[in-house]
$ cat target24.cif   # mmCIF, C-alpha atoms
data_my_file
loop_
_atom_site.label_atom_id
_atom_site.label_comp_id
_atom_site.auth_asym_id
_atom_site.auth_seq_id
_atom_site.Cartn_x
_atom_site.Cartn_y
_atom_site.Cartn_z
CA MET Y 40 -2.07 1.21 21.30
CA SER Y 41 -2.96 0.03 24.77
CA PRO Y 42 -2.59 2.73 27.46
CA PHE Y 43 -2.25 0.09 30.18
CA ARG Y 44 1.13 -1.21 31.31
CA GLY Y 45 1.99 -3.72 34.01
CA SER Y 46 5.28 -4.21 35.82
CA VAL Y 47 6.99 -6.26 33.09
CA PRO Y 48 9.46 -3.99 31.25
CA LEU Y 49 9.45 -3.61 27.49
CA THR Y 50 12.21 -5.52 25.73
CA ASP Y 51 15.23 -3.53 24.59
CA ARG Y 52 17.26 -6.42 23.18
CA TRP Y 53 16.31 -9.18 20.76
CA ASP Y 54 18.94 -11.85 20.19
CA HIS Y 55 17.56 -13.77 17.22
CA PHE Y 56 16.98 -11.04 14.64
CA ASP Y 57 18.10 -7.48 14.06
CA LEU Y 58 15.64 -4.76 15.09
CA HIS Y 59 15.92 -1.11 14.08
CA ARG Y 60 13.44 1.61 15.04
CA ALA Y 61 13.15 5.02 13.40
CA ASP Y 62 10.29 7.48 12.83
CA GLY Y 63 7.59 5.07 13.97
CA VAL Y 64 8.86 2.21 11.80
CA ALA Y 65 10.27 -0.95 13.40
CA THR Y 66 12.28 -3.04 10.94
CA VAL Y 67 12.95 -6.68 11.76
CA THR Y 68 15.72 -8.18 9.66
CA LEU Y 69 16.17 -11.92 9.77
CA ASP Y 70 19.94 -12.06 9.92
CA ARG Y 71 21.34 -15.49 9.12
CA PRO Y 72 22.39 -14.87 5.51
CA ASP Y 73 24.61 -17.96 5.40
CA LYS Y 74 21.48 -20.06 6.07
CA LEU Y 75 19.15 -17.98 3.87
CA ASN Y 76 17.71 -16.64 7.13
CA ALA Y 77 16.40 -20.04 8.20
CA LEU Y 78 14.36 -19.84 11.39
CA THR Y 79 15.31 -21.42 14.69
CA PHE Y 80 13.14 -22.27 17.70
CA GLU Y 81 14.40 -19.10 19.36
CA ALA Y 82 13.68 -16.91 16.32
CA TYR Y 83 10.07 -18.08 16.28
CA ALA Y 84 9.76 -17.32 19.99
CA ASP Y 85 11.30 -13.86 19.61
CA LEU Y 86 8.99 -13.00 16.69
CA ARG Y 87 5.96 -14.11 18.72
CA ASP Y 88 7.02 -12.07 21.74
CA LEU Y 89 7.86 -8.95 19.73
CA LEU Y 90 4.48 -9.00 18.01
CA LEU Y 91 2.67 -9.38 21.33
CA GLU Y 92 4.65 -6.47 22.78
CA LEU Y 93 4.15 -3.99 19.93
CA PRO Y 94 0.60 -2.92 20.95
CA HIS Y 95 2.00 -1.85 24.33
CA ARG Y 96 4.68 0.40 22.84
CA GLY Y 97 4.12 4.01 21.89
CA ASP Y 98 6.95 4.13 19.36
CA THR Y 99 5.81 1.79 16.58
CA ARG Y 100 3.24 2.53 13.87
CA VAL Y 101 4.54 0.11 11.22
CA LEU Y 102 6.45 -3.18 11.32
CA VAL Y 103 8.65 -4.14 8.37
CA LEU Y 104 9.90 -7.71 7.99
CA ARG Y 105 12.97 -8.24 5.81
CA GLY Y 106 15.72 -10.78 5.24
CA SER Y 107 19.44 -10.12 4.91
CA GLY Y 108 21.67 -11.44 2.16
CA ARG Y 109 20.33 -13.35 -0.84
CA GLY Y 110 16.80 -14.11 0.34
CA PHE Y 111 13.85 -13.34 2.57
CA CYS Y 112 13.56 -16.57 4.57
CA SER Y 113 14.10 -20.22 3.60
CA GLY Y 114 11.82 -21.54 6.36
CA GLY Y 115 12.74 -23.66 9.36
CA ASP Y 116 16.39 -24.58 9.75
CA VAL Y 117 16.85 -28.17 8.51
CA ASP Y 118 19.51 -29.03 11.08
CA GLU Y 119 18.31 -27.05 14.09
CA ILE Y 120 14.57 -27.69 13.70
CA ILE Y 121 13.84 -30.64 11.42
CA GLY Y 122 16.62 -32.72 12.90
CA ALA Y 123 15.53 -31.82 16.43
CA THR Y 124 11.85 -32.54 15.83
CA LEU Y 125 12.67 -36.12 14.84
CA ARG Y 126 13.83 -36.68 18.43
CA MET Y 127 11.01 -34.81 20.20
CA ASP Y 128 8.17 -36.28 22.21
CA PRO Y 129 4.62 -35.60 20.94
CA ASP Y 130 3.89 -32.97 23.62
CA ASP Y 131 7.02 -31.00 22.68
CA LEU Y 132 6.18 -31.27 18.99
CA LEU Y 133 2.71 -29.86 19.64
CA ALA Y 134 4.18 -27.02 21.71
CA PHE Y 135 6.48 -26.18 18.78
CA THR Y 136 3.82 -26.32 16.05
CA ARG Y 137 1.49 -24.23 18.19
CA MET Y 138 4.27 -21.67 18.70
CA THR Y 139 4.80 -21.25 14.94
CA GLY Y 140 1.07 -20.69 14.53
CA GLU Y 141 1.12 -18.16 17.37
CA VAL Y 142 3.53 -16.04 15.31
CA VAL Y 143 1.03 -15.86 12.44
CA LYS Y 144 -1.89 -15.26 14.80
CA ALA Y 145 0.04 -12.42 16.43
CA MET Y 146 0.84 -10.91 13.02
CA ARG Y 147 -2.83 -10.88 12.08
CA GLU Y 148 -4.05 -9.59 15.45
CA CYS Y 149 -1.36 -6.96 15.95
CA PRO Y 150 -2.95 -3.52 15.34
CA VAL Y 151 0.25 -2.31 13.65
CA PRO Y 152 0.39 -2.71 9.84
CA VAL Y 153 2.98 -5.30 8.80
CA ILE Y 154 4.96 -5.02 5.54
CA ALA Y 155 6.98 -7.94 4.18
CA GLY Y 156 9.74 -6.85 1.83
CA VAL Y 157 10.48 -10.01 -0.15
CA HIS Y 158 13.54 -10.72 -2.25
CA GLY Y 159 15.12 -14.02 -3.22
CA ILE Y 160 13.41 -17.06 -1.74
CA ALA Y 161 10.46 -17.10 0.65
CA ALA Y 162 10.02 -20.79 1.37
CA GLY Y 163 8.13 -22.88 3.90
CA ALA Y 164 7.58 -20.84 7.04
CA GLY Y 165 9.14 -17.88 5.22
CA SER Y 166 6.35 -17.95 2.65
CA VAL Y 167 3.73 -18.08 5.42
CA LEU Y 168 5.30 -15.11 7.23
CA ALA Y 169 5.05 -13.13 3.99
CA LEU Y 170 1.46 -14.34 3.52
CA ALA Y 171 0.51 -13.23 7.04
CA ALA Y 172 1.76 -9.67 6.46
CA ASP Y 173 -0.70 -6.94 5.51
CA PHE Y 174 1.39 -5.88 2.52
CA ARG Y 175 3.87 -7.84 0.42
CA VAL Y 176 6.28 -5.67 -1.55
CA VAL Y 177 8.05 -8.13 -3.82
CA ALA Y 178 11.15 -7.91 -6.01
CA ARG Y 179 10.84 -9.39 -9.49
CA SER Y 180 13.53 -11.99 -8.75
CA ALA Y 181 11.68 -13.25 -5.66
CA ARG Y 182 10.25 -16.77 -5.42
CA PHE Y 183 7.65 -18.35 -3.15
CA ALA Y 184 7.42 -22.01 -2.14
CA PHE Y 185 4.88 -23.42 0.31
CA LEU Y 186 6.96 -26.58 0.35
CA PHE Y 187 5.62 -28.42 3.41
CA THR Y 188 4.45 -31.45 1.41
CA LYS Y 189 7.93 -31.65 -0.13
CA VAL Y 190 9.26 -32.67 3.31
CA GLY Y 191 6.41 -35.08 3.98
CA LEU Y 192 4.20 -32.78 6.03
CA SER Y 193 0.77 -31.27 5.47
CA GLY Y 194 0.64 -28.25 3.23
CA ALA Y 195 -1.66 -26.74 5.85
CA ASP Y 196 0.77 -25.24 8.35
CA MET Y 197 0.88 -22.09 10.49
CA GLY Y 198 -2.56 -21.03 9.23
CA ALA Y 199 -1.64 -21.26 5.54
CA ALA Y 200 -4.76 -23.24 4.63
CA TYR Y 201 -6.87 -20.52 6.25
CA LEU Y 202 -5.10 -17.45 4.89
CA LEU Y 203 -3.95 -18.46 1.41
CA PRO Y 204 -7.39 -19.33 -0.08
CA ARG Y 205 -8.65 -15.99 1.19
CA VAL Y 206 -5.80 -14.18 -0.56
CA VAL Y 207 -5.46 -16.07 -3.85
CA GLY Y 208 -8.61 -18.22 -4.04
CA LEU Y 209 -9.14 -21.92 -3.35
CA GLY Y 210 -7.86 -23.13 -6.72
CA HIS Y 211 -4.49 -21.42 -6.53
CA ALA Y 212 -4.16 -22.24 -2.82
CA THR Y 213 -4.81 -25.93 -3.46
CA ARG Y 214 -2.10 -26.03 -6.11
CA LEU Y 215 0.44 -24.10 -4.05
CA LEU Y 216 -0.12 -25.94 -0.77
CA MET Y 217 -0.64 -29.46 -2.15
CA LEU Y 218 2.13 -29.54 -4.74
CA GLY Y 219 4.55 -27.25 -2.92
CA ASP Y 220 6.10 -26.02 -6.17
CA THR Y 221 8.19 -22.87 -6.36
CA ILE Y 222 6.62 -19.94 -8.20
CA GLY Y 223 8.23 -16.73 -9.37
CA ALA Y 224 7.21 -13.22 -8.43
CA GLN Y 225 5.26 -12.63 -11.66
CA GLU Y 226 3.13 -15.74 -11.15
CA ALA Y 227 2.65 -14.81 -7.48
CA ASP Y 228 1.47 -11.39 -8.65
CA ARG Y 229 -0.95 -12.96 -11.14
CA CYS Y 230 -2.39 -15.11 -8.35
CA GLY Y 231 -2.92 -12.07 -6.11
CA LEU Y 232 -0.22 -12.88 -3.55
CA VAL Y 233 1.74 -9.68 -4.27
CA SER Y 234 0.71 -6.22 -3.07
CA GLU Y 235 3.34 -4.37 -5.08
CA LEU Y 236 5.78 -5.83 -7.62
CA VAL Y 237 8.97 -3.83 -8.10
CA GLU Y 238 12.33 -4.11 -9.77
CA ASP Y 239 15.03 -5.61 -7.58
CA ASP Y 240 16.91 -2.36 -7.15
CA ALA Y 241 13.70 -0.54 -6.18
CA LEU Y 242 12.68 -2.88 -3.34
CA ASP Y 243 14.25 -0.90 -0.52
CA SER Y 244 12.80 2.41 -1.67
CA ALA Y 245 9.34 0.91 -2.27
CA VAL Y 246 9.25 -0.65 1.21
CA ALA Y 247 10.47 2.60 2.77
CA ALA Y 248 7.87 4.67 0.89
CA LEU Y 249 5.00 2.43 1.99
CA ALA Y 250 6.27 2.34 5.57
CA GLU Y 251 6.54 6.14 5.63
CA ARG Y 252 3.02 6.51 4.25
CA LEU Y 253 1.58 4.14 6.85
CA SER Y 254 3.56 5.57 9.77
CA GLY Y 255 2.32 9.08 8.95
CA GLY Y 256 -1.30 8.05 8.46
CA PRO Y 257 -4.34 7.59 10.73
CA ALA Y 258 -3.06 4.71 12.86
CA PHE Y 259 -6.36 4.20 14.70
CA GLY Y 260 -8.25 3.90 11.43
CA TYR Y 261 -5.64 1.50 10.04
CA ALA Y 262 -5.80 -0.66 13.17
CA GLN Y 263 -9.58 -0.94 13.04
CA THR Y 264 -9.51 -1.70 9.31
CA LYS Y 265 -7.02 -4.52 9.88
CA ALA Y 266 -9.05 -5.88 12.77
CA LEU Y 267 -12.28 -5.94 10.78
CA LEU Y 268 -10.64 -7.51 7.74
CA SER Y 269 -9.68 -10.43 9.98
CA ARG Y 270 -12.88 -10.57 12.05
CA GLU Y 271 -15.20 -10.50 9.06
CA LEU Y 272 -13.58 -13.39 7.20
CA ASP Y 273 -16.01 -15.80 8.86
CA MET Y 274 -18.98 -13.52 9.50
CA ASN Y 275 -22.21 -13.21 7.55
CA LEU Y 276 -23.15 -9.94 5.84
CA SER Y 277 -25.58 -8.84 8.54
CA GLY Y 278 -23.03 -9.31 11.29
CA SER Y 279 -20.33 -7.57 9.26
CA ILE Y 280 -22.50 -4.52 8.57
CA GLU Y 281 -23.39 -4.23 12.26
CA LEU Y 282 -19.73 -4.54 13.33
CA GLU Y 283 -18.69 -1.91 10.80
CA ALA Y 284 -21.47 0.43 11.93
CA MET Y 285 -20.37 0.14 15.56
CA THR Y 286 -16.72 0.66 14.60
CA GLN Y 287 -17.44 3.74 12.51
CA ALA Y 288 -19.53 5.25 15.30
CA LEU Y 289 -16.58 4.70 17.66
CA LEU Y 290 -14.09 6.29 15.25
CA MET Y 291 -16.39 9.29 14.75
CA LYS Y 292 -15.52 10.19 18.35
CA SER Y 293 -11.77 9.89 17.70
CA ALA Y 294 -9.24 12.69 17.68
CA ASP Y 295 -8.25 11.82 14.12
CA TYR Y 296 -11.80 12.26 12.80
CA ALA Y 297 -12.00 15.71 14.41
CA GLU Y 298 -8.51 16.50 13.10
CA PHE Y 299 -9.55 15.70 9.54
CA HIS Y 300 -12.41 18.19 9.76
CA ALA Y 301 -10.18 20.85 11.29
CA ALA Y 302 -7.56 20.30 8.59
CA PHE Y 303 -10.14 20.32 5.80
CA THR Y 304 -11.75 23.56 6.94
CA GLY Y 305 -8.34 25.08 7.65
CA LYS Y 306 -7.05 24.06 4.23
CA ARG Y 307 -4.04 22.18 5.63
CA ARG Y 308 -2.79 18.61 5.86
CA PRO Y 309 -4.11 16.53 8.78
CA GLU Y 310 -1.73 15.85 11.67
CA TRP Y 311 -2.85 12.35 12.61
CA LYS Y 312 -2.65 11.49 16.30
CA GLY Y 313 -3.44 7.80 16.05
CA ARG Y 314 -6.28 8.01 18.56
#

$ encode --input "target24.cif" --output "structure tokens"
Amino acid sequence: MSPFRGSVPLTDRWDHFDLHRADGVATVTLDRPDKLNALTFEAYADLRDLLLELPHRGDTRVLVLRGSGRGFCSGGDVDEIIGATLRMDPDDLLAFTRMTGEVVKAMRECPVPVIAGVHGIAAGAGSVLALAADFRVVARSARFAFLFTKVGLSGADMGAAYLLPRVVGLGHATRLLMLGDTIGAQEADRCGLVSELVEDDALDSAVAALAERLSGGPAFGYAQTKALLSRELDMNLSGSIELEAMTQALLMKSADYAEFHAAFTGKRRPEWKGR
């Protein structure tokens, strides 16, 4: 977490999703169940701003993204977004599409681990939000649909054509993004899109258990692991080895590395400080 703060206050209220904080875990719940948690312009903007703010807070070690009601997220709201974009000028359209991508970029660059707890449908932008998370805990009844081509757009949206081949391979990504078909949780698991597949009634407990494990772990080590996983996607082996060597040398001077040794020699559990 950054130790440097300017004069802008941290945000206490978010109007376009529900946010709950407890024991180092911030849980964002998309809360438009009557619309299958369809996203609005304002919801995108709030997600972007929350993700950019998290590194400056001292109270968040894990971010959980959930949906209320029957599904995770059905994507952009057909009336509030698709209808509005038909009337927009090109410069406003580009500002909007860049903003949606900024949400994904912020998810990948945020040092806090992100868990998506997916039930019901994750479609369109909802499927990309799940894809951009570090962990996807998925209920067996869940479904994914990268359905951008189904509405006449490119299947490459919000970074999906960058991230999905790196998660499931080019063949599966081509099929999912080009055809836009809906797949069930078991097929998503077979493709490699799922981190943990659970029964529907075990989703909440599985998400909570993973969040608790991450929030109580070595946050500095997790942050650097996440950063290098993203940075090394486009690096050669020599550059990756050098970056990892420099990172490990840095972490060997961390409080957590010293704490591990003290705990090991003292025959106790480490008390991770996250620095």

$ closest_residue --input "target24.cif" --among "Y:Cys112, Y:Thr139, Y:Gly313, Y:Arg147" --to "Glu298 in chain Y" --atoms "all atoms listed in the file"
Y:Gly313

$ closest_residue --input "target24.cif" --among "Y:Ala61, Y:Ala227, Y:Cys149, Y:Val67" --to "Phe183 in chain Y" --atoms "all atoms listed in the file"
Y:Ala227

$ axis_aligned_box --input "target24.cif" --around "range 103-107 of chain Y" --padding-each-side "8 Å" --output "JSON"
{"center_x": 14.0, "center_y": -7.5, "center_z": 6.6, "size_x": 26.8, "size_y": 22.6, "size_z": 19.5}

$ atom_distance --input "target24.cif" --atom1 "CA of Phe111 in chain Y" --atom2 "CA of Ala172 in chain Y"
13.2 Å

$ closest_residue --input "target24.cif" --among "Y:Met274, Y:Leu49, Y:Ala181, Y:Leu125" --to "Glu226 in chain Y" --atoms "all atoms listed in the file"
Y:Ala181

$ atom_distance --input "target24.cif" --atom1 "CA of Asn76 in chain Y" --atom2 "CA of Gly110 in chain Y"
7.3 Å

$ resolve_selection --input "target24.cif" --expression "the PyMOL selection byres ((chain Y and resi 117-124) around 9)" --output "list in words"
Ala77, Leu78, Thr79, Phe80, Gly114, Gly115, Asp116, Leu125, Arg126, Met127, Asp128, Asp131, Leu132 and Phe135 of chain Y

$ closest_residue --input "target24.cif" --among "Y:Met197, Y:Leu209, Y:Ser113, Y:Arg100" --to "Ala184 in chain Y" --atoms "all atoms listed in the file"
Y:Ser113

$ residues_around --input "target24.cif" --residues "Glu148 in chain Y" --least-positions-apart "5" --cutoff "9 Å" --atoms "all atoms listed in the file" --output "compact mmCIF listing (two decimals) with C-alpha atoms, keeping the file's coordinate frame"
# COMPACT_ATOMS: atom_id res chain seq x y z
CA LEU Y 90 4.48 -9.00 18.01
CA LEU Y 91 2.67 -9.38 21.33
CA VAL Y 143 1.03 -15.86 12.44
CA LYS Y 265 -7.02 -4.52 9.88
CA ALA Y 266 -9.05 -5.88 12.77
CA SER Y 269 -9.68 -10.43 9.98

$ closest_residue --input "target24.cif" --among "Y:Glu283, Y:Asp73, Y:Glu81, Y:Asp88" --to "Lys144 in chain Y" --atoms "all atoms listed in the file"
Y:Asp88

$ residues_around --input "target24.cif" --residues "Val177 in chain Y" --least-positions-apart "6" --cutoff "9 Å" --atoms "all atoms listed in the file" --output "ChimeraX atom specification"
/Y:155-158,224,228,233-239,242

$ residues_around --input "target24.cif" --residues "Asp220 in chain Y" --least-positions-apart "5" --cutoff "10 Å" --atoms "all atoms listed in the file" --output "number ranges by chain"
Y: 162, 183-189, 214-215

$ atom_distance --input "target24.cif" --atom1 "CA of Ser46 in chain Y" --atom2 "CA of Pro150 in chain Y"
22.1 Å

$ build_atoms --input "target24.cif" --residues "range 128-139 of chain Y" --atoms "all heavy atoms" --output "tab-separated table (two decimals), keeping the file's coordinate frame"
chain	number	residue	atom	x	y	z
Y	128	ASP	N	9.39	-35.61	21.78
Y	128	ASP	CA	8.17	-36.28	22.21
Y	128	ASP	C	6.96	-35.55	21.62
Y	128	ASP	O	7.05	-34.35	21.29
Y	128	ASP	CB	8.07	-36.27	23.74
Y	128	ASP	CG	9.16	-37.12	24.39
Y	128	ASP	OD1	9.58	-38.10	23.75
Y	128	ASP	OD2	9.58	-36.78	25.51
Y	129	PRO	N	5.80	-36.23	21.53
Y	129	PRO	CA	4.62	-35.60	20.94
Y	129	PRO	C	4.20	-34.30	21.61
Y	129	PRO	O	3.79	-33.35	20.92
Y	129	PRO	CB	3.54	-36.68	21.09
Y	129	PRO	CG	4.29	-37.97	21.07
Y	129	PRO	CD	5.59	-37.67	21.78
Y	130	ASP	N	4.32	-34.20	22.95
Y	130	ASP	CA	3.89	-32.97	23.62
Y	130	ASP	C	4.80	-31.80	23.26
Y	130	ASP	O	4.34	-30.67	23.10
Y	130	ASP	CB	3.81	-33.16	25.13
Y	130	ASP	CG	5.11	-33.66	25.73
Y	130	ASP	OD1	5.96	-34.18	24.97
Y	130	ASP	OD2	5.26	-33.56	26.96
Y	131	ASP	N	6.10	-32.07	23.09
Y	131	ASP	CA	7.02	-31.00	22.68
Y	131	ASP	C	6.79	-30.60	21.22
Y	131	ASP	O	6.90	-29.42	20.87
Y	131	ASP	CB	8.47	-31.44	22.88
Y	131	ASP	CG	8.84	-31.56	24.34
Y	131	ASP	OD1	8.25	-30.84	25.17
Y	131	ASP	OD2	9.73	-32.37	24.66
Y	132	LEU	N	6.47	-31.58	20.39
Y	132	LEU	CA	6.18	-31.27	18.99
Y	132	LEU	C	4.95	-30.37	18.89
Y	132	LEU	O	4.94	-29.41	18.12
Y	132	LEU	CB	5.93	-32.56	18.20
Y	132	LEU	CG	7.16	-33.41	17.90
Y	132	LEU	CD1	6.74	-34.76	17.32
Y	132	LEU	CD2	8.09	-32.69	16.93
Y	133	LEU	N	3.91	-30.68	19.67
Y	133	LEU	CA	2.71	-29.86	19.64
Y	133	LEU	C	2.99	-28.46	20.17
Y	133	LEU	O	2.47	-27.46	19.63
Y	133	LEU	CB	1.60	-30.52	20.45
Y	133	LEU	CG	0.24	-29.81	20.43
Y	133	LEU	CD1	-0.27	-29.60	19.01
Y	133	LEU	CD2	-0.77	-30.57	21.26
Y	134	ALA	N	3.83	-28.35	21.19
Y	134	ALA	CA	4.18	-27.02	21.71
Y	134	ALA	C	4.91	-26.21	20.63
Y	134	ALA	O	4.68	-25.00	20.49
Y	134	ALA	CB	5.06	-27.16	22.95
Y	135	PHE	N	5.76	-26.88	19.86
Y	135	PHE	CA	6.48	-26.18	18.78
Y	135	PHE	C	5.54	-25.76	17.66
Y	135	PHE	O	5.55	-24.60	17.22
Y	135	PHE	CB	7.58	-27.08	18.21
Y	135	PHE	CG	8.12	-26.60	16.90
Y	135	PHE	CD1	8.72	-25.35	16.78
Y	135	PHE	CD2	8.01	-27.39	15.76
Y	135	PHE	CE1	9.19	-24.90	15.55
Y	135	PHE	CE2	8.48	-26.95	14.54
Y	135	PHE	CZ	9.08	-25.70	14.44
Y	136	THR	N	4.70	-26.68	17.17
Y	136	THR	CA	3.82	-26.32	16.05
Y	136	THR	C	2.81	-25.26	16.47
Y	136	THR	O	2.44	-24.41	15.65
Y	136	THR	CB	3.10	-27.57	15.49
Y	136	THR	OG1	2.41	-28.25	16.55
Y	136	THR	CG2	4.09	-28.51	14.84
Y	137	ARG	N	2.37	-25.31	17.72
Y	137	ARG	CA	1.49	-24.23	18.19
Y	137	ARG	C	2.23	-22.90	18.24
Y	137	ARG	O	1.65	-21.86	17.91
Y	137	ARG	CB	0.95	-24.59	19.57
Y	137	ARG	CG	-0.21	-25.58	19.53
Y	137	ARG	CD	-0.65	-25.98	20.91
Y	137	ARG	NE	-1.90	-26.75	20.87
Y	137	ARG	CZ	-2.36	-27.49	21.87
Y	137	ARG	NH1	-1.68	-27.54	23.02
Y	137	ARG	NH2	-3.49	-28.15	21.74
Y	138	MET	N	3.51	-22.91	18.62
Y	138	MET	CA	4.27	-21.67	18.70
Y	138	MET	C	4.41	-21.03	17.31
Y	138	MET	O	4.25	-19.82	17.16
Y	138	MET	CB	5.65	-21.91	19.30
Y	138	MET	CG	6.54	-20.66	19.30
Y	138	MET	SD	8.14	-20.90	20.09
Y	138	MET	CE	8.94	-22.03	18.93
Y	139	THR	N	4.67	-21.84	16.29
Y	139	THR	CA	4.80	-21.25	14.94
Y	139	THR	C	3.48	-20.62	14.51
Y	139	THR	O	3.47	-19.56	13.89
Y	139	THR	CB	5.23	-22.33	13.92
Y	139	THR	OG1	4.22	-23.33	13.80
Y	139	THR	CG2	6.54	-22.97	14.33
